[in-house]
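> Next comes entry.txt, compact mmCIF, C-alpha atoms and all ligand atoms:
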```
# COMPACT_ATOMS: atom_id res chain seq x y z
CA MET A 19 -13.99 -31.77 5.48
CA ALA A 20 -11.57 -28.90 5.91
CA GLN A 21 -9.55 -27.98 2.83
CA PRO A 22 -5.76 -28.55 3.11
CA ARG A 23 -3.92 -25.27 3.71
CA GLU A 24 -2.21 -23.76 0.71
CA GLN A 25 1.52 -22.89 0.78
CA TRP A 26 3.72 -20.43 -1.07
CA ALA A 27 5.70 -21.96 -3.92
CA SER A 28 8.92 -20.27 -2.79
CA ARG A 29 10.37 -18.08 -0.10
CA PHE A 30 11.04 -15.43 -2.73
CA GLY A 31 7.38 -15.51 -3.74
CA PHE A 32 6.27 -15.04 -0.15
CA VAL A 33 8.64 -12.11 0.39
CA LEU A 34 7.46 -10.40 -2.80
CA ALA A 35 3.82 -10.92 -1.85
CA ALA A 36 4.40 -9.45 1.61
CA VAL A 37 6.34 -6.53 0.12
CA GLY A 38 3.43 -6.18 -2.30
CA SER A 39 1.07 -5.87 0.64
CA ALA A 40 3.27 -3.33 2.37
CA VAL A 41 4.11 -1.19 -0.67
CA GLY A 42 1.03 0.64 -1.83
CA LEU A 43 -0.75 3.98 -1.82
CA GLY A 44 0.79 4.45 1.63
CA ASN A 45 4.31 4.63 0.20
CA MET A 46 3.90 6.88 -2.78
CA TRP A 47 0.93 8.99 -1.87
CA ARG A 48 0.33 9.02 1.90
CA PHE A 49 4.06 9.14 2.69
CA SER A 50 4.66 12.08 0.32
CA TYR A 51 1.82 14.18 1.61
CA LEU A 52 2.67 13.47 5.26
CA THR A 53 6.29 14.42 4.59
CA ALA A 54 5.16 17.65 2.96
CA GLU A 55 2.74 18.39 5.76
CA ASN A 56 5.24 17.69 8.52
CA GLY A 57 8.19 19.66 7.26
CA GLY A 58 10.29 17.26 5.22
CA ALA A 59 13.44 15.52 6.46
CA ALA A 60 12.50 15.36 10.16
CA PHE A 61 9.43 13.34 9.30
CA VAL A 62 11.44 11.02 7.07
CA LEU A 63 13.90 10.31 9.87
CA LEU A 64 11.20 9.73 12.47
CA TYR A 65 9.37 7.45 10.08
CA LEU A 66 12.54 5.39 9.58
CA VAL A 67 13.04 5.15 13.34
CA MET A 68 9.42 4.13 13.92
CA THR A 69 9.65 1.51 11.17
CA ALA A 70 12.66 -0.05 12.90
CA LEU A 71 11.57 0.31 16.52
CA ILE A 72 7.84 -0.31 16.37
CA GLY A 73 7.02 -1.63 12.91
CA LEU A 74 9.62 -4.36 12.68
CA PRO A 75 8.90 -5.99 16.09
CA ILE A 76 5.15 -6.00 15.45
CA MET A 77 5.74 -7.42 12.01
CA LEU A 78 7.82 -10.19 13.57
CA ALA A 79 5.00 -10.90 16.00
CA GLU A 80 2.49 -11.20 13.13
CA LEU A 81 4.88 -13.40 11.15
CA THR A 82 5.52 -15.68 14.11
CA VAL A 83 1.88 -16.05 15.15
CA GLY A 84 0.72 -16.59 11.57
CA ARG A 85 3.31 -19.21 10.72
CA GLY A 86 3.07 -20.91 14.10
CA ALA A 87 -0.70 -21.29 14.03
CA GLY A 88 -1.07 -21.85 10.29
CA ARG A 89 -4.42 -20.09 10.44
CA SER A 90 -5.96 -16.76 9.54
CA PRO A 91 -6.11 -14.04 12.26
CA ILE A 92 -9.14 -15.12 14.29
CA GLY A 93 -8.03 -18.73 14.66
CA ALA A 94 -4.36 -17.83 15.01
CA LEU A 95 -4.89 -15.43 17.91
CA ALA A 96 -7.22 -17.89 19.64
CA HIS A 97 -4.61 -20.62 19.13
CA TYR A 98 -2.03 -18.66 21.13
CA GLY A 99 -4.12 -16.54 23.45
CA GLY A 100 -7.28 -18.57 24.07
CA PRO A 101 -10.84 -17.85 22.96
CA ARG A 102 -10.90 -14.29 24.30
CA TRP A 103 -8.34 -13.29 21.68
CA ARG A 104 -10.80 -14.12 18.96
CA ALA A 105 -12.24 -10.63 19.44
CA LEU A 106 -8.95 -9.05 18.42
CA GLY A 107 -8.81 -11.30 15.36
CA MET A 108 -12.31 -10.17 14.45
CA LEU A 109 -11.22 -6.58 14.80
CA PHE A 110 -8.35 -7.27 12.36
CA VAL A 111 -10.72 -8.73 9.84
CA ALA A 112 -13.28 -5.96 10.26
CA SER A 113 -10.60 -3.27 9.79
CA GLY A 114 -9.35 -4.99 6.66
CA PHE A 115 -12.89 -5.04 5.34
CA LEU A 116 -13.45 -1.34 6.01
CA ILE A 117 -10.03 -0.14 4.84
CA LEU A 118 -10.32 -2.04 1.59
CA ALA A 119 -13.63 -0.37 0.76
CA TYR A 120 -11.95 3.03 1.02
CA TYR A 121 -8.61 1.97 -0.44
CA SER A 122 -10.27 0.62 -3.55
CA VAL A 123 -12.05 3.91 -4.20
CA ILE A 124 -8.75 5.81 -4.18
CA ALA A 125 -7.12 3.08 -6.25
CA GLY A 126 -9.88 3.60 -8.80
CA TRP A 127 -8.82 7.28 -9.07
CA THR A 128 -5.23 6.24 -9.77
CA VAL A 129 -6.35 3.94 -12.58
CA ARG A 130 -8.26 6.81 -14.14
CA TYR A 131 -5.32 9.18 -13.82
CA ALA A 132 -3.07 6.66 -15.55
CA LEU A 133 -5.56 6.27 -18.39
CA ILE A 134 -6.21 9.98 -18.76
CA GLY A 135 -2.47 10.62 -18.90
CA LEU A 136 -2.05 7.95 -21.53
CA LEU A 137 -5.00 8.85 -23.73
CA ALA A 138 -5.38 12.60 -23.34
CA GLY A 139 -2.50 14.07 -21.30
CA PHE A 140 -2.58 16.01 -18.04
CA GLU A 141 -3.35 19.49 -19.43
CA GLY A 142 -6.37 21.41 -18.17
CA ASP A 143 -7.58 22.61 -14.79
CA PRO A 144 -6.15 20.05 -12.32
CA ALA A 145 -8.58 20.83 -9.49
CA ALA A 146 -11.61 20.50 -11.73
CA ARG A 147 -10.22 17.24 -13.08
CA PHE A 148 -9.74 15.88 -9.59
CA GLU A 149 -13.37 16.74 -8.79
CA ALA A 150 -14.51 14.96 -11.92
CA ILE A 151 -12.36 11.90 -11.22
CA ALA A 152 -13.17 11.55 -7.55
CA SER A 153 -16.94 11.70 -7.82
CA GLY A 154 -19.83 10.60 -10.00
CA PRO A 155 -20.74 7.33 -11.69
CA LYS A 156 -17.38 6.95 -13.42
CA ALA A 157 -15.53 6.99 -10.11
CA LEU A 158 -17.88 4.24 -9.04
CA LEU A 159 -17.20 2.24 -12.15
CA TRP A 160 -13.42 2.35 -11.67
CA HIS A 161 -13.75 1.40 -8.02
CA LEU A 162 -15.82 -1.62 -9.07
CA LEU A 163 -13.36 -2.59 -11.80
CA PHE A 164 -10.47 -2.34 -9.38
CA MET A 165 -12.29 -4.55 -6.89
CA GLY A 166 -13.02 -6.95 -9.73
CA ALA A 167 -9.31 -7.27 -10.50
CA THR A 168 -8.55 -7.80 -6.81
CA VAL A 169 -11.20 -10.52 -6.54
CA GLY A 170 -9.88 -12.15 -9.71
CA VAL A 171 -6.39 -12.53 -8.25
CA VAL A 172 -7.56 -13.76 -4.84
CA MET A 173 -9.80 -16.35 -6.51
CA GLY A 174 -6.68 -17.80 -8.12
CA GLY A 175 -5.42 -18.81 -4.67
CA VAL A 176 -2.16 -18.34 -2.82
CA ARG A 177 0.25 -19.68 -5.41
CA SER A 178 -1.46 -19.20 -8.74
CA GLY A 179 -3.14 -15.93 -7.80
CA ILE A 180 -1.42 -13.89 -5.10
CA GLU A 181 2.15 -15.14 -5.48
CA ARG A 182 2.13 -15.07 -9.24
CA ALA A 183 0.73 -11.52 -9.32
CA ALA A 184 3.40 -10.33 -6.88
CA VAL A 185 6.26 -11.98 -8.75
CA VAL A 186 5.20 -10.27 -11.98
CA LEU A 187 4.07 -6.91 -10.62
CA MET A 188 6.56 -6.01 -7.91
CA PRO A 189 9.66 -5.92 -10.16
CA VAL A 190 7.69 -3.66 -12.52
CA LEU A 191 6.91 -1.30 -9.65
CA PHE A 192 10.54 -1.22 -8.46
CA ALA A 193 11.83 -0.53 -11.96
CA ILE A 194 9.37 2.33 -12.50
CA VAL A 195 10.07 4.03 -9.19
CA VAL A 196 13.85 3.81 -9.56
CA GLY A 197 13.64 4.99 -13.19
CA LEU A 198 11.52 7.99 -12.19
CA ALA A 199 13.93 8.93 -9.38
CA ILE A 200 16.83 8.89 -11.83
CA TYR A 201 14.87 11.08 -14.23
CA ALA A 202 13.89 13.49 -11.45
CA ALA A 203 17.56 13.94 -10.56
CA THR A 204 18.17 15.48 -13.97
CA LEU A 205 15.60 18.25 -13.52
CA PRO A 206 16.99 21.74 -13.07
CA GLY A 207 15.96 22.85 -9.59
CA ALA A 208 15.87 19.31 -8.20
CA GLY A 209 18.46 20.34 -5.58
CA ALA A 210 15.97 22.45 -3.63
CA GLY A 211 13.68 19.43 -3.49
CA TYR A 212 16.47 17.25 -2.11
CA ARG A 213 17.35 19.84 0.50
CA TYR A 214 13.78 20.01 1.72
CA TYR A 215 13.52 16.25 1.74
CA LEU A 216 16.88 15.43 3.29
CA GLU A 217 18.14 18.40 5.32
CA LEU A 218 17.31 17.92 8.99
CA ASP A 219 15.74 20.55 11.18
CA PHE A 220 16.42 19.27 14.70
CA ALA A 221 13.62 21.31 16.27
CA ALA A 222 11.06 19.44 14.21
CA ILE A 223 12.30 16.06 15.48
CA MET A 224 11.24 16.98 18.98
CA ASN A 225 7.65 17.42 17.93
CA LEU A 226 5.38 14.78 19.49
CA ASP A 227 2.65 15.17 16.89
CA VAL A 228 5.10 14.46 14.11
CA LEU A 229 6.33 11.40 16.00
CA ILE A 230 2.79 10.07 16.33
CA GLU A 231 2.12 10.67 12.63
CA ALA A 232 5.35 8.83 11.80
CA ALA A 233 4.40 5.85 13.97
CA GLY A 234 0.94 5.70 12.38
CA GLN A 235 2.47 5.84 8.94
CA ALA A 236 4.92 3.02 9.75
CA PHE A 237 2.00 0.90 10.94
CA PHE A 238 -0.16 1.53 7.89
CA SER A 239 2.67 1.25 5.43
CA LEU A 240 3.86 -2.09 6.81
CA SER A 241 0.28 -3.43 6.63
CA LEU A 242 0.22 -4.10 10.37
CA GLY A 243 -2.74 -4.49 12.68
CA MET A 244 -5.11 -5.88 10.07
CA GLY A 245 -3.80 -9.38 9.86
CA ALA A 246 -2.40 -9.14 6.32
CA ILE A 247 1.14 -10.13 7.27
CA LEU A 248 -0.19 -12.70 9.74
CA THR A 249 -2.36 -14.28 7.07
CA TYR A 250 0.45 -14.39 4.50
CA ALA A 251 2.74 -15.98 7.12
CA SER A 252 0.13 -18.67 7.75
CA TYR A 253 0.97 -20.08 4.29
CA LEU A 254 4.67 -20.48 5.18
CA SER A 255 6.44 -23.70 5.90
CA ARG A 256 8.83 -24.03 8.84
CA ASP A 257 12.12 -23.42 7.08
CA ASN A 258 11.88 -19.66 6.86
CA HIS A 259 14.07 -17.38 8.91
CA LEU A 260 11.48 -14.84 10.04
CA PRO A 261 13.74 -12.06 11.37
CA ARG A 262 15.53 -11.94 8.04
CA GLU A 263 12.27 -12.05 6.10
CA GLY A 264 10.78 -9.31 8.29
CA ALA A 265 13.82 -7.10 7.82
CA ILE A 266 13.68 -7.50 4.04
CA ILE A 267 9.98 -6.63 3.96
CA ALA A 268 10.39 -3.58 6.21
CA GLY A 269 13.53 -2.47 4.34
CA ALA A 270 11.84 -2.73 0.95
CA ASP A 271 8.80 -0.87 2.24
CA PHE A 272 10.86 2.01 3.59
CA GLY A 273 13.04 1.92 0.47
CA VAL A 274 10.14 2.38 -1.93
CA ALA A 275 8.65 5.21 0.15
CA PHE A 276 12.04 6.90 0.32
CA ILE A 277 12.61 6.60 -3.44
CA ALA A 278 9.09 7.85 -4.11
CA GLY A 279 10.10 10.98 -2.17
CA LEU A 280 13.13 11.29 -4.44
CA VAL A 281 10.65 11.50 -7.30
CA VAL A 282 7.99 13.74 -5.78
CA PHE A 283 10.07 16.46 -4.08
CA PRO A 284 12.52 17.28 -6.91
CA LEU A 285 9.52 17.42 -9.25
CA LEU A 286 7.53 19.78 -7.06
CA PHE A 287 10.47 22.06 -6.32
CA ALA A 288 11.71 22.10 -9.91
CA LEU A 289 8.32 23.47 -10.93
CA GLY A 290 7.88 25.76 -7.93
CA LEU A 291 4.80 23.91 -6.73
CA GLN A 292 5.97 23.04 -3.22
CA GLU A 293 3.72 25.59 -1.49
CA GLU A 294 0.69 23.87 -2.91
CA VAL A 295 1.30 20.62 -1.07
CA SER A 296 2.62 21.84 2.26
CA GLY A 297 -0.24 21.83 4.73
CA SER A 298 -1.83 19.51 2.25
CA THR A 299 -4.97 17.48 2.32
CA LEU A 300 -5.51 14.05 0.85
CA GLY A 301 -6.29 15.44 -2.56
CA ALA A 302 -3.39 17.85 -2.91
CA LEU A 303 -0.97 15.44 -4.52
CA PHE A 304 -3.64 14.35 -6.93
CA ILE A 305 -4.00 17.96 -8.00
CA THR A 306 -0.45 19.25 -7.80
CA LEU A 307 1.43 16.36 -9.37
CA PRO A 308 -0.68 16.28 -12.54
CA LYS A 309 -0.17 20.05 -12.75
CA ALA A 310 3.59 19.43 -12.67
CA PHE A 311 3.27 16.71 -15.32
CA ALA A 312 1.26 19.06 -17.55
CA GLU A 313 3.86 21.82 -17.26
CA MET A 314 6.64 19.46 -18.31
CA GLY A 315 5.18 18.72 -21.73
CA LEU A 316 5.70 15.34 -23.33
CA ALA A 317 8.30 14.18 -20.79
CA GLY A 318 5.84 15.04 -18.04
CA ARG A 319 3.16 13.01 -19.69
CA VAL A 320 5.41 9.94 -19.85
CA VAL A 321 6.58 10.45 -16.26
CA GLY A 322 3.00 10.97 -15.10
CA VAL A 323 1.68 7.82 -16.73
CA PHE A 324 4.49 5.74 -15.21
CA PHE A 325 3.92 7.35 -11.82
CA PHE A 326 0.23 6.48 -11.81
CA VAL A 327 0.87 2.98 -13.18
CA ALA A 328 3.22 2.40 -10.23
CA LEU A 329 0.49 3.62 -7.88
CA VAL A 330 -2.05 1.26 -9.47
CA VAL A 331 0.32 -1.70 -9.18
CA GLY A 332 1.12 -0.92 -5.55
CA ALA A 333 -2.54 -0.45 -4.72
CA LEU A 334 -3.51 -3.72 -6.37
CA THR A 335 -1.00 -5.91 -4.52
CA SER A 336 -2.01 -4.24 -1.23
CA ALA A 337 -5.73 -4.63 -1.90
CA ILE A 338 -5.15 -8.31 -2.67
CA SER A 339 -3.68 -8.80 0.80
CA LEU A 340 -6.57 -7.00 2.47
CA LEU A 341 -9.11 -9.15 0.66
CA GLU A 342 -7.11 -12.27 1.46
CA VAL A 343 -7.40 -11.58 5.20
CA VAL A 344 -11.18 -11.62 4.97
CA VAL A 345 -11.37 -14.48 2.49
CA SER A 346 -9.00 -16.76 4.41
CA SER A 347 -10.96 -16.13 7.60
CA LEU A 348 -14.15 -17.43 6.03
CA ILE A 349 -12.37 -20.35 4.42
CA ASP A 350 -10.97 -21.29 7.84
CA ARG A 351 -14.10 -20.65 9.90
CA LEU A 352 -16.90 -21.73 7.63
CA ASP A 353 -15.02 -23.88 5.15
CA TRP A 354 -16.24 -21.74 2.24
CA GLU A 355 -14.83 -22.42 -1.19
CA ARG A 356 -12.15 -19.87 -2.09
CA HIS A 357 -13.84 -18.49 -5.18
CA HIS A 358 -17.19 -18.13 -3.47
CA ALA A 359 -15.56 -16.40 -0.54
CA ALA A 360 -13.57 -14.05 -2.79
CA PHE A 361 -16.56 -13.23 -4.95
CA ARG A 362 -19.06 -12.65 -2.15
CA LEU A 363 -16.75 -10.75 0.15
CA GLY A 364 -15.25 -8.71 -2.69
CA GLY A 365 -18.79 -7.85 -3.73
CA ALA A 366 -19.76 -6.80 -0.21
CA ILE A 367 -16.66 -4.63 0.11
CA ALA A 368 -17.29 -3.07 -3.28
CA LEU A 369 -20.83 -2.17 -2.18
CA LEU A 370 -19.53 -0.68 1.03
CA GLY A 371 -17.12 1.51 -0.96
CA ILE A 372 -19.95 3.04 -2.99
CA PRO A 373 -21.12 5.58 -0.38
N1 LIG A 401 0.47 -1.08 3.41
C1 LIG A 401 -0.47 -0.60 2.44
C2 LIG A 401 0.02 0.71 1.90
O1 LIG A 401 1.03 1.23 2.35
O2 LIG A 401 -0.62 1.25 1.01
C3 LIG A 401 -1.86 -0.48 3.01
C4 LIG A 401 -2.32 -1.69 3.77
C5 LIG A 401 -2.43 -2.93 3.12
C6 LIG A 401 -2.60 -1.61 5.12
C7 LIG A 401 -2.82 -4.05 3.82
C8 LIG A 401 -2.98 -2.72 5.83
C9 LIG A 401 -3.08 -3.94 5.17
F1 LIG A 401 -3.44 -4.98 5.86
```
So, in terms of structure tokens, how does the structure I just supplied come out?
Ligand code: PFF

Amino acid sequence: MAQPREQWASRFGFVLAAVGSAVGLGNMWRFSYLTAENGGAAFVLLYLVMTALIGLPIMLAELTVGRGAGRSPIGALAHYGGPRWRALGMLFVASGFLILAYYSVIAGWTVRYALIGLLAGFEGDPAARFEAIASGPKALLWHLLFMGATVGVVMGGVRSGIERAAVVLMPVLFAIVVGLAIYAATLPGAGAGYRYYLELDFAAIMNLDVLIEAAGQAFFSLSLGMGAILTYASYLSRDNHLPREGAIIAGADFGVAFIAGLVVFPLLFALGLQEEVSGSTLGALFITLPKAFAEMGLAGRVVGVFFFVALVVGALTSAISLLEVVVSSLIDRLDWERHHAAFRLGGAIALLGIP
């Protein structure tokens, strides 16, 4: 017999869980390096516009379909579109599966950075450290531990696992990011960082490539196209006002990314490291930021640990939502028990992340 569908304990819990899905590595790490790569303020503006014009409507669609069908992506799309739409649902689930394997590996790096900062400090050759962190058996171990934590939360279920984790963790993340932005404002030289981040160059706005990057970032950052928001909405009751909920989620997601920029850019400019991230690759922030933390002495060590803890927290609540998409699909389709589904699928994803 099919298991009765779980529900969120409160509207507030649902919103925090969805914000937890949206706010992650995409906000603090991907957003910062894309902004640096695409010339600063113009990218920020285009990203805001794309969040409002493309992200928000698609989020509303996922919220509506998920709540209306009360099923995970495959069943929900078939419910509205007929059996042919199942294929799109399967694509959602498959992308969640693949993205989580990769996301968890990077999340494992952030856990190690937080611990290294705490136990030993950020001094030393930052590029060599990144090499050491991002490869080898220890990188594997931290990826597996991170997946273990994700599985542990998802096993707890919608209310006692996912919602409870979000209600505890998201306020911590907000407090850290705001605190760091306030600290960054006191750095001598922060002004140049703000100018880069906030002063518009109109020529750059007309660039189609930047626009496409901004749209892609809005999509990724709002957790769209993989069924995470749809799945979370499937645990909602009828009395939610979805446009308002969607606007809060999108606003919080943009807000955290924007505030993360108010941390990263003043820091880089205050220490004269901005050249090192412009034209950056994925790893650049992982190399340059620790270098900045090391140069700032004890304060930098504290700031660095908080920064990486915020990244870990954001990554965890996002990874939880990715795993939940896959888990809820198998609960719905095959009537698997939640903890078996979480354990087996988490294990399979962890294995996939190894190569
Ligand atoms: N939105 C997350 C981030 O910005 O890091 C990543 C993500 C989570 C994408 C869940 C998609 C998803 F379904």
> Between CA of Phe220 (chain A) and CA of Ala278 (chain A), what is the distance in Å, rounded to a tenth?
23.2 Å
> Name the closest residue to Ser122 (chain A) among the candidates A:Leu242, A:Ala368, A:Ala288, A:Ala202; distances are taken between atoms, counting all atoms listed in the file.
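Nearest candidate to Ser122 (chain A) out of A:Leu242, A:Ala368, A:Ala288, A:Ala202: A:Ala368.
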> Using only C-alpha atoms and all ligand atoms for the distances, tell me which of A:Gly170, A:Gly234, A:Gly100, A:Pro206 is nearest to ligand LIG 401 (chain A).
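Smallest distance to ligand LIG 401 (chain A) is found for A:Gly234.
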> Which residue is closest to ligand LIG 401 (chain A)? Choose from A:Val62, A:Val129, A:Ile223, A:Leu340 and count all atoms listed in the file.
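Going through A:Val62, A:Val129, A:Ile223, A:Leu340 one by one, the smallest distance to ligand LIG 401 (chain A) is for A:Leu340.
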> Please check which protein, DNA or RNA residues sit within 6 Å of ligand LIG 401 (chain A), counting only C-alpha atoms and all ligand atoms, and write them as a list in words.
Ser39, Ala40, Val41, Gly42, Leu43, Gly44, Asn45, Gly114, Phe238, Ser239, Leu240, Ser241, Leu242, Met244, Gly245, Ala246, Ser336, Ser339 and Leu340 of chain A
